[in-house]
Amino acid sequence: MGAMSVRSKSSEPSEAPHRAGFACFVGRPNAGKSTLTNALVGQKVAITANQPQTTRHTVRGIVHRDDAQLILVDTPGLHKPRTLLGERLNDVVRTTWAEVDVIGFCLPANEKLGPGDRFIAKELASIKKTPKIAIVTKTDLVDGKTLAEQLIAIDQLGKELGFEWAEIVPVSAVGDKQVGLLADLIVPLLPEGPALYPEGDLTDEPEQVMIAELIREAALEGVRDELPHSIAVVVEEMLPREDRPADKPLLDIHAFVYIERPSQKGIIIGPKGKRLKEVGIKSRKHIEALLGTPVFLDLHVKVAKDWQRDPRQLRKLGF
C-alpha cells in the first residue's frame with residue numbers, strides 16, 4: 001500500500017462513505033512507531049532512530065486509499081520532563097491525543113509490559129473520547145504462545161484502567177504482515193468526509209523541516225551517548241543551482257548544525273573534519289531519496305549556548 005492510490009471514477013455510486021481523519025501512534029521509545037508509519041505510508045517519512053525524542057516535529061504521513069484518507073500525526077514521546085523543552089513536548093502530546101480521531105498504542109511483542117507502558121496507558125485512560133487501538137508490534141520476533149500471553153496482558157491492562165480497547169491488533173511492519181489490516185481497522189473509526197490533503201502529498205511537513213530531521217538523525221548516529229539531545233538543525237536555504245541544464249538539476253542546501261557548547265564542536269566535526277563529512281554524505285543520500293533530485297549539501301556547525309533552556313533560541317530553532 002504505497003503512496004500512489006488509484007481513484008475509482010466518481011460517476012460510479014460508492015457503497016461506503018469516504019472517511020478522512022487523524023491517527024497518532026504512541027508508545028515507548030523503540031516500540032516500532034516510526035517503522036509502522038513508514039510501512040503504512042509506503043515511504044520513509046518519520047525518522048526512525050532507536051532513541052526517544054528524535055521525532056520532535058509533528059511529522060505527518062498520509063495514507064491515501066479509495067475509501068479513506070488516514071493522516072498519521074507523529075507526537076514526540078511522552079516522558080518525565082526535566083527541561084522547558086521537555087515540558088513543552090509533553091503539552092504537545094496531550095493536546096495532540098485529545099485532537100486526533102484514533103490513538104494507536106504500540107507495544108512490542110517481545111517485551112513484557114513495563115512501567116513505561118503503564119505510564120502511557122494511564123495517560124491514555126484520561127482521554128475518554130478518543131478510541132484506542134492496541135498495536136502489538138514486532139510479532140516476527142516471538143512465537144505464538146508469547147504473542148497470546150501479550151495479547152491477554154494488554155486486554156487486562158485496559159480493564160485495570162477502566163477502558164476498552166477498540167481493537168487489539170498484532171502486526172509486523174518489517175514483514176509487512178497485517179499492516180493493511182491495521183489500516184482497515186483504523187478507517188471505520190474515522191469521521192466521514194472528503195480527503196483533507198491532495199492526492200500526491202505524503203507529508204505536509206515543509207521539506208526543510210524533514211531535511212533538517214534527516215541531517216539531525218545522521219549527526220546523532222554514533223554520538224548519542226555524548227550528545228543525546230543537544231543537536232538542533234536548521235536549513236537556512238535551499239536554492240536550485242543556476243546555469244544547470246534542465247535534465248541535470250542540482251539543489252544547493254545550506255544547513256547549520258547547532259550544539260550547546262564549544263566543547264561539543266570537536267565531537268560533531270571529528271578528527272580532521274572526518275565525522276562531519278560522513279554526516280554530510282549519509283544525510284545527502286537520504287535527502288536525495290526524499291526529493292528525487294541531486295543535492296549539494298553545505299553543512300556548518302554553530303554553537304547556540306544552552307538552547308534547550310532558552311525560550312528565544314527554542315523559538316528560533318522551531319520549537
# chains A, B, ... in the order shown; residues from 1 in each chain; ligands from 1
call {"tool": "select_by_dssp", "arguments": {"residues": "stretch 107-257 of chain A", "states": "strand (DSSP E)", "output": "mmCIF file with N, CA, C and O atoms, in the first residue's frame"}}
result
data_model
loop_
_atom_site.group_PDB
_atom_site.id
_atom_site.type_symbol
_atom_site.label_atom_id
_atom_site.label_comp_id
_atom_site.auth_asym_id
_atom_site.auth_seq_id
_atom_site.Cartn_x
_atom_site.Cartn_y
_atom_site.Cartn_z
ATOM 1 N N LEU A 107 2.945 -1.593 21.289
ATOM 2 C CA LEU A 107 3.582 -2.375 22.343
ATOM 3 C C LEU A 107 4.345 -3.511 21.677
ATOM 4 O O LEU A 107 3.742 -4.329 20.980
ATOM 5 N N PRO A 108 5.661 -3.575 21.869
ATOM 6 C CA PRO A 108 6.418 -4.644 21.215
ATOM 7 C C PRO A 108 6.047 -6.014 21.781
ATOM 8 O O PRO A 108 5.887 -6.163 22.995
ATOM 9 N N LYS A 132 -9.099 3.896 21.206
ATOM 10 C CA LYS A 132 -7.704 3.491 21.341
ATOM 11 C C LYS A 132 -7.520 2.067 20.803
ATOM 12 O O LYS A 132 -8.241 1.169 21.204
ATOM 13 N N ILE A 133 -6.556 1.915 19.918
ATOM 14 C CA ILE A 133 -6.231 0.590 19.380
ATOM 15 C C ILE A 133 -4.889 0.166 19.958
ATOM 16 O O ILE A 133 -3.941 0.951 19.945
ATOM 17 N N ALA A 134 -4.813 -1.045 20.483
ATOM 18 C CA ALA A 134 -3.511 -1.555 20.926
ATOM 19 C C ALA A 134 -2.881 -2.292 19.753
ATOM 20 O O ALA A 134 -3.487 -3.193 19.175
ATOM 21 N N ILE A 135 -1.677 -1.859 19.374
ATOM 22 C CA ILE A 135 -0.990 -2.467 18.235
ATOM 23 C C ILE A 135 0.226 -3.223 18.761
ATOM 24 O O ILE A 135 1.135 -2.623 19.332
ATOM 25 N N VAL A 136 0.204 -4.526 18.612
ATOM 26 C CA VAL A 136 1.328 -5.325 19.092
ATOM 27 C C VAL A 136 2.330 -5.457 17.945
ATOM 28 O O VAL A 136 2.070 -6.112 16.945
ATOM 29 N N THR A 137 3.475 -4.780 18.096
ATOM 30 C CA THR A 137 4.464 -4.732 17.016
ATOM 31 C C THR A 137 5.520 -5.827 17.176
ATOM 32 O O THR A 137 5.581 -6.499 18.208
ATOM 33 N N GLU A 167 -9.649 -2.085 19.405
ATOM 34 C CA GLU A 167 -9.099 -3.285 18.758
ATOM 35 C C GLU A 167 -7.768 -3.616 19.422
ATOM 36 O O GLU A 167 -7.095 -2.731 19.928
ATOM 37 N N ILE A 168 -7.388 -4.897 19.355
ATOM 38 C CA ILE A 168 -6.017 -5.279 19.701
ATOM 39 C C ILE A 168 -5.481 -6.030 18.483
ATOM 40 O O ILE A 168 -6.002 -7.069 18.115
ATOM 41 N N VAL A 169 -4.479 -5.441 17.826
ATOM 42 C CA VAL A 169 -4.013 -5.993 16.547
ATOM 43 C C VAL A 169 -2.536 -6.341 16.580
ATOM 44 O O VAL A 169 -1.717 -5.468 16.851
ATOM 45 N N PRO A 170 -2.178 -7.595 16.286
ATOM 46 C CA PRO A 170 -0.757 -7.918 16.136
ATOM 47 C C PRO A 170 -0.274 -7.568 14.727
ATOM 48 O O PRO A 170 -0.960 -7.880 13.753
ATOM 49 N N ILE A 231 21.518 18.556 19.877
ATOM 50 C CA ILE A 231 21.764 18.925 18.481
ATOM 51 C C ILE A 231 20.456 19.433 17.891
ATOM 52 O O ILE A 231 19.418 18.795 18.065
ATOM 53 N N ALA A 232 20.506 20.581 17.262
ATOM 54 C CA ALA A 232 19.347 21.054 16.507
ATOM 55 C C ALA A 232 19.873 21.415 15.127
ATOM 56 O O ALA A 232 21.012 21.856 14.983
ATOM 57 N N VAL A 233 19.053 21.186 14.102
ATOM 58 C CA VAL A 233 19.497 21.502 12.744
ATOM 59 C C VAL A 233 18.529 22.485 12.125
ATOM 60 O O VAL A 233 17.314 22.336 12.241
ATOM 61 N N VAL A 234 19.065 23.513 11.498
ATOM 62 C CA VAL A 234 18.226 24.478 10.790
ATOM 63 C C VAL A 234 18.697 24.549 9.341
ATOM 64 O O VAL A 234 19.886 24.739 9.077
ATOM 65 N N VAL A 235 17.763 24.351 8.410
ATOM 66 C CA VAL A 235 18.083 24.512 6.997
ATOM 67 C C VAL A 235 17.878 25.981 6.662
ATOM 68 O O VAL A 235 16.772 26.490 6.706
ATOM 69 N N GLU A 236 18.981 26.676 6.383
ATOM 70 C CA GLU A 236 18.909 28.116 6.146
ATOM 71 C C GLU A 236 18.322 28.425 4.775
ATOM 72 O O GLU A 236 17.485 29.286 4.631
ATOM 73 N N GLU A 237 18.817 27.733 3.733
ATOM 74 C CA GLU A 237 18.220 27.970 2.419
ATOM 75 C C GLU A 237 18.406 26.790 1.493
ATOM 76 O O GLU A 237 19.317 25.986 1.636
ATOM 77 N N MET A 238 17.461 26.677 0.553
ATOM 78 C CA MET A 238 17.501 25.660 -0.480
ATOM 79 C C MET A 238 17.319 26.377 -1.805
ATOM 80 O O MET A 238 16.293 27.025 -2.013
ATOM 81 N N LEU A 239 18.322 26.297 -2.678
ATOM 82 C CA LEU A 239 18.243 27.024 -3.958
ATOM 83 C C LEU A 239 18.658 26.116 -5.098
ATOM 84 O O LEU A 239 19.670 25.420 -4.993
ATOM 85 N N PRO A 240 17.895 26.124 -6.197
ATOM 86 C CA PRO A 240 18.349 25.367 -7.365
ATOM 87 C C PRO A 240 19.604 26.051 -7.923
ATOM 88 O O PRO A 240 19.650 27.279 -7.996
ATOM 89 N N LEU A 251 20.372 20.877 -6.464
ATOM 90 C CA LEU A 251 19.809 21.729 -5.425
ATOM 91 C C LEU A 251 20.883 22.007 -4.378
ATOM 92 O O LEU A 251 21.488 21.082 -3.840
ATOM 93 N N ASP A 252 21.149 23.291 -4.130
ATOM 94 C CA ASP A 252 22.097 23.661 -3.073
ATOM 95 C C ASP A 252 21.344 23.795 -1.756
ATOM 96 O O ASP A 252 20.381 24.555 -1.669
ATOM 97 N N ILE A 253 21.783 23.054 -0.737
ATOM 98 C CA ILE A 253 21.147 23.153 0.582
ATOM 99 C C ILE A 253 22.194 23.608 1.592
ATOM 100 O O ILE A 253 23.253 22.984 1.732
ATOM 101 N N HIS A 254 21.916 24.723 2.266
ATOM 102 C CA HIS A 254 22.822 25.231 3.297
ATOM 103 C C HIS A 254 22.176 25.005 4.658
ATOM 104 O O HIS A 254 21.055 25.466 4.883
ATOM 105 N N ALA A 255 22.869 24.275 5.528
ATOM 106 C CA ALA A 255 22.268 23.957 6.824
ATOM 107 C C ALA A 255 23.263 24.160 7.956
ATOM 108 O O ALA A 255 24.477 24.011 7.771
ATOM 109 N N PHE A 256 22.735 24.525 9.119
ATOM 110 C CA PHE A 256 23.556 24.669 10.319
ATOM 111 C C PHE A 256 23.196 23.594 11.329
ATOM 112 O O PHE A 256 22.025 23.345 11.573
ATOM 113 N N VAL A 257 24.228 22.983 11.878
ATOM 114 C CA VAL A 257 24.034 22.048 12.983
ATOM 115 C C VAL A 257 24.363 22.832 14.246
ATOM 116 O O VAL A 257 25.495 23.282 14.431
#
call {"tool": "select_by_dssp", "arguments": {"residues": "stretch 51-229 of chain A", "states": "alpha helix (DSSP H)", "output": "count of residues only"}}
result
66
call {"tool": "residues_around", "arguments": {"residues": "stretch 118-121 of chain A", "least_positions_apart": "2", "cutoff": "10 Å", "atoms": "only C-alpha atoms", "output": "list in words"}}
result
Val26, Gly27, Arg28, Gly77, Leu78, His79, Lys80, Phe105, Leu113, Gly114, Pro115, Gly116, Glu123, Leu124, Ala125, Ser126, Lys132, Ile154, Leu157, Gly158, Leu161 and Phe163 of chain A
call {"tool": "atom_distance", "arguments": {"atom1": "atom CA of A:His286", "atom2": "atom CA of A:Arg216"}}
result
11.7 Å
call {"tool": "atom_distance", "arguments": {"atom1": "atom CA of A:Glu260", "atom2": "atom CA of A:Ser34"}}
result
27.1 Å
